[in-house]
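The structure under discussion appears below in the form of C-alpha cells.
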Amino acid sequence: MANSKKKFLSGGLGQLTIPVVAIVLLVIFNLIRDPSFFGVGILHNNDGNIVLSGNLITIINGASELAILAMGMTLVTAACGGQDISVGAAAAIAGSVFVKILKSSPQIGGGKVLLAFICACIVAMIFGSFNGTLVAIFKIQPMIATLILYTCGRSIAYWINGGATPTVNSPIITAIGSFIPGIPVPTPVLIVIAMAIVFKLLFKFTSLELFTQSVGINGSAARLNGINSTFIKLLTFIILGVCVAVAGSIGVSRLGLINHETLLLDVEMDTILAVAIGGNNLGGGKFKIGGSIIGAYVIQTLTITLYAMKVSSTDVKAYKAIVIILLVVIGSPVVKQKFGKFMSKFLENRSGKVMKGAA
C-alpha cells in the first residue's frame, strides 16, 4: 500500500496509460457504434491469393509507415529534445532514389530491389546526418534545422527522376506493398514487426537506450560520465534516416510509382503526434518506443473511425485535431501530476476510514 502511494505521489500515470486508454476507448466506441466494425473477413485478391480484410486490417496496414517513422522520431525526440519535421520530404527523396535504381534496367529481380533499398537507405542516412550535424554540432534547434529539408526535400525528389512519376511493375514490389503470396497478412505489417524487433535487439545488446535517455535528460552530465552526446544525437538522426527509407520504400511499393508531391504528405505532424500520444516527453529524456507505435495506431484508428462515420476528408483533420488535443492535454505532465495528487489523497482518506472502522 505504501509503495502504491509513493508511485502516485512521485509520478502519477504510467507512460503507456494514455495511448492504451485511447485505443481502448476508440475500440469500445466503435463496437457500440457498429459491432461489426472490427470484423475480419477472408477473401481472394486480384492475384487470386487468400488475404485478410476489414477495418482492423486497414488500420494496422495503413499505419505501417507512420509506426516506422514514429520509432525513429522517438529516438531523435528523446536525445535532442526536439522533432524532425522533414521526414515526409526525406521519404520522398528515398522513394525517388528507390525508383531510380529500379528503373535503371528493364529487369527487376530480388537483387535489384535489395540494391535499390540499400541506396535509398544510404541517401536517407546522408540527409539524416545533415540534419543531425546542424543539431548536434551547430546546436540549432531540431525543428528549425530540419525546416531546411522540409522546404526543399520534395524539390530534390523531383529532380532525381527528372520531374517524372515513373511506374514500377514487378511482382516483388507488389508483394512489398500489399501481400506476399500465401501469407494473408499485409506485408507492411510484417515489416513493422521486423523493425520493432530490430529496435528491441538494438536496445538489448547495446547501451543506445540508456545513452539516448541520458543525453536527453542532461547532456552536460552525460558528457561528464563519458558519453559522447554529439555522437548520440547524430546517431539518432541516422537511425531515423533508415526508418525514413523503409517508410518511403513501402509507400512507393503500395502505389507502384513515385509521386514526390503526395508520397507521405503531411506525415510529419502525425509522426510527432504519435510520439506525444505515446506518452513520450517532447522535451527529451525517457522514452518508450512501444508507446509511439501504439500512438500511430491510435491516429490511424481515429482516421478510419471518422471515415466510417461518413465524415468528409476535408473535415477529418479538424476532428482529429480536437481529439488529439484532448489526448495530449490529458497526458501532459501537469494533468498527470494533479491526477497523482488526487489519487494519493483519495487513497490516504480511504485507508484512514478503514483504520477507523477497524478500531
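Labeling convention for the C-alpha cells: chains A, B, ... as they appear, residues from 1 per chain, ligands from 1 in order of appearance.
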
Which residues are close to A:Leu327, i.e. within 8 Å by only C-alpha atoms, leaving aside same-chain residues fewer than 5 positions away? Reply as a list in words.
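These residues fall inside the cut-off: Ile18, Ala22 and Ile277 of chain A.
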
I want to know what sits within 9 Å of A:Gly128, based on only C-alpha atoms, with residues of the same chain fewer than 3 positions away left out; could you give that as a ChimeraX atom specification?
/A:90,123-125,131-133,234-242

Could you pull out all residues of stretch 127-286 of chain A with a DSSP call of alpha helix (DSSP H) and give them as number ranges by chain?
A: 127-136, 142-145, 147-160, 171-177, 187-205, 208-217, 219-224, 229-255, 267-277

Choose the residue, out of A:Lys286, A:Ala89, A:Thr58, A:Asp34, that has the smallest atom-to-atom separation from A:Glu209; count only C-alpha atoms.
A:Lys286

Using only C-alpha atoms, what does the table of stretch 161-241 of chain A residues within 12 Å of stretch 253-264 of chain A look like, with each row giving the shortest atom pair and its distance in Å to one decimal, sorted by chain and ascending number, as a Markdown table?
```
| residue | atom | partner | partner_atom | distance |
| --- | --- | --- | --- | --- |
| A:Asn161 | CA | A:Ile258 | CA | 9.0 |
| A:Gly162 | CA | A:His260 | CA | 11.0 |
| A:Gly163 | CA | A:His260 | CA | 8.7 |
| A:Ala164 | CA | A:Asn259 | CA | 8.2 |
| A:Thr165 | CA | A:Ile258 | CA | 5.3 |
| A:Pro166 | CA | A:Leu257 | CA | 5.7 |
| A:Thr167 | CA | A:Leu257 | CA | 4.1 |
| A:Val168 | CA | A:Gly256 | CA | 5.0 |
| A:Asn169 | CA | A:Gly256 | CA | 6.5 |
| A:Ser170 | CA | A:Gly256 | CA | 8.4 |
| A:Pro171 | CA | A:Ser253 | CA | 10.2 |
| A:Ile172 | CA | A:Ser253 | CA | 8.9 |
| A:Ile173 | CA | A:Ser253 | CA | 5.2 |
| A:Thr174 | CA | A:Ser253 | CA | 6.1 |
| A:Ala175 | CA | A:Ser253 | CA | 8.0 |
| A:Ile176 | CA | A:Ser253 | CA | 6.0 |
| A:Gly177 | CA | A:Arg254 | CA | 4.0 |
| A:Ser178 | CA | A:Arg254 | CA | 6.4 |
| A:Phe179 | CA | A:Arg254 | CA | 10.1 |
| A:Pro186 | CA | A:Arg254 | CA | 10.7 |
| A:Thr187 | CA | A:Arg254 | CA | 10.1 |
| A:Pro188 | CA | A:Arg254 | CA | 9.1 |
```

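If you look at atom CA of A:Ile191 and atom CA of A:Asn49, they are 19.5 Å away from each other.
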
Could you check which of A:Thr230, A:Val334, A:Ile324, A:Asn45 is closest to A:Ala276, using only C-alpha atoms?
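Looking only at the distances to A:Ala276, the closest residue turns out to be A:Ile324.
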
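If you count only C-alpha atoms and ignore residues fewer than 4 places along the chain from A:Ala91, what sits within 7 Å of it is Val87, Gly95, Val244, Ala245, Ala247 and Gly248 of chain A.
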
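Using only C-alpha atoms, the contacts of A:Thr77 at a cut-off of 9 Å, with sequence neighbours closer than 3 positions omitted, comprise A:Gly72, A:Met73, A:Thr74, A:Cys80, A:Gly81, A:Gly82, A:Gln83, A:Asp84, A:Pro142, A:Gly216, A:Thr236, A:Ile272, A:Val275, A:Asn280, A:Asn281, A:Leu282, A:Gly283, A:Gly284, A:Gly285, A:Phe287.
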
Would you save the residues from that selection as a PDB file, in the first residue's frame, using C-alpha atoms?
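What ended up in out.pdb:
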```pdb
ATOM      1  CA  GLY A  72      12.902   6.758 -35.336  1.00  0.00           C
ATOM      2  CA  MET A  73      11.298  10.046 -34.311  1.00  0.00           C
ATOM      3  CA  THR A  74      11.121   8.811 -30.713  1.00  0.00           C
ATOM      4  CA  CYS A  80      17.623  16.169 -28.855  1.00  0.00           C
ATOM      5  CA  GLY A  81      14.510  17.488 -27.122  1.00  0.00           C
ATOM      6  CA  GLY A  82      13.023  18.419 -30.488  1.00  0.00           C
ATOM      7  CA  GLN A  83      11.473  16.906 -33.593  1.00  0.00           C
ATOM      8  CA  ASP A  84      12.435  16.334 -37.223  1.00  0.00           C
ATOM      9  CA  PRO A 142      15.837  20.499 -34.305  1.00  0.00           C
ATOM     10  CA  GLY A 216      18.144  13.888 -23.395  1.00  0.00           C
ATOM     11  CA  THR A 236      19.610   9.120 -33.705  1.00  0.00           C
ATOM     12  CA  ILE A 272       5.180  13.887 -33.876  1.00  0.00           C
ATOM     13  CA  VAL A 275       5.301  10.202 -30.224  1.00  0.00           C
ATOM     14  CA  ASN A 280       6.972  10.423 -24.547  1.00  0.00           C
ATOM     15  CA  ASN A 281       8.283  13.772 -23.323  1.00  0.00           C
ATOM     16  CA  LEU A 282       8.699  16.046 -26.354  1.00  0.00           C
ATOM     17  CA  GLY A 283      11.394  17.868 -24.407  1.00  0.00           C
ATOM     18  CA  GLY A 284      13.626  14.785 -24.398  1.00  0.00           C
ATOM     19  CA  GLY A 285      14.653  12.171 -21.862  1.00  0.00           C
ATOM     20  CA  PHE A 287      11.041   7.236 -23.910  1.00  0.00           C
TER      21      PHE A 287
END
```

What's the 8 Å shell around stretch 115-120 of chain A, counting only C-alpha atoms, without same-chain residues fewer than 4 positions away, as a short mmCIF file (atom, residue, chain, number, x, y, z; two decimals) with N, CA and C atoms, in the first residue's frame?
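And here is the file that came out, selection19.cif:
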```
data_model
loop_
_atom_site.label_atom_id
_atom_site.label_comp_id
_atom_site.auth_asym_id
_atom_site.auth_seq_id
_atom_site.Cartn_x
_atom_site.Cartn_y
_atom_site.Cartn_z
N ALA A 94 14.03 9.42 -50.58
CA ALA A 94 14.40 8.00 -50.52
C ALA A 94 13.58 7.19 -51.52
N GLY A 95 12.29 7.49 -51.62
CA GLY A 95 11.43 6.79 -52.57
C GLY A 95 11.85 7.05 -54.01
N VAL A 97 14.92 7.77 -55.03
CA VAL A 97 16.16 7.00 -55.25
C VAL A 97 15.83 5.53 -55.46
N PHE A 98 14.90 5.02 -54.67
CA PHE A 98 14.46 3.63 -54.77
C PHE A 98 13.96 3.32 -56.19
N VAL A 99 13.12 4.20 -56.70
CA VAL A 99 12.57 4.01 -58.05
C VAL A 99 13.65 4.22 -59.12
N LYS A 100 14.52 5.20 -58.92
CA LYS A 100 15.59 5.49 -59.89
C LYS A 100 16.47 4.27 -60.12
N ILE A 101 16.83 3.58 -59.06
CA ILE A 101 17.66 2.37 -59.18
C ILE A 101 16.87 1.25 -59.84
N LEU A 102 15.61 1.11 -59.47
CA LEU A 102 14.78 0.05 -60.04
C LEU A 102 14.60 0.24 -61.55
N GLY A 111 17.65 -9.06 -56.35
CA GLY A 111 18.91 -8.34 -56.15
C GLY A 111 18.79 -6.86 -56.44
N ALA A 124 19.09 8.46 -47.49
CA ALA A 124 18.31 8.96 -46.35
C ALA A 124 19.20 9.17 -45.13
N ALA A 245 13.81 5.67 -45.02
CA ALA A 245 13.99 4.88 -46.24
C ALA A 245 13.03 3.70 -46.30
N VAL A 246 12.82 3.05 -45.16
CA VAL A 246 11.88 1.92 -45.11
C VAL A 246 10.46 2.40 -45.41
N SER A 249 10.09 3.43 -49.10
CA SER A 249 10.06 2.26 -49.98
C SER A 249 8.71 1.56 -49.93
#
```
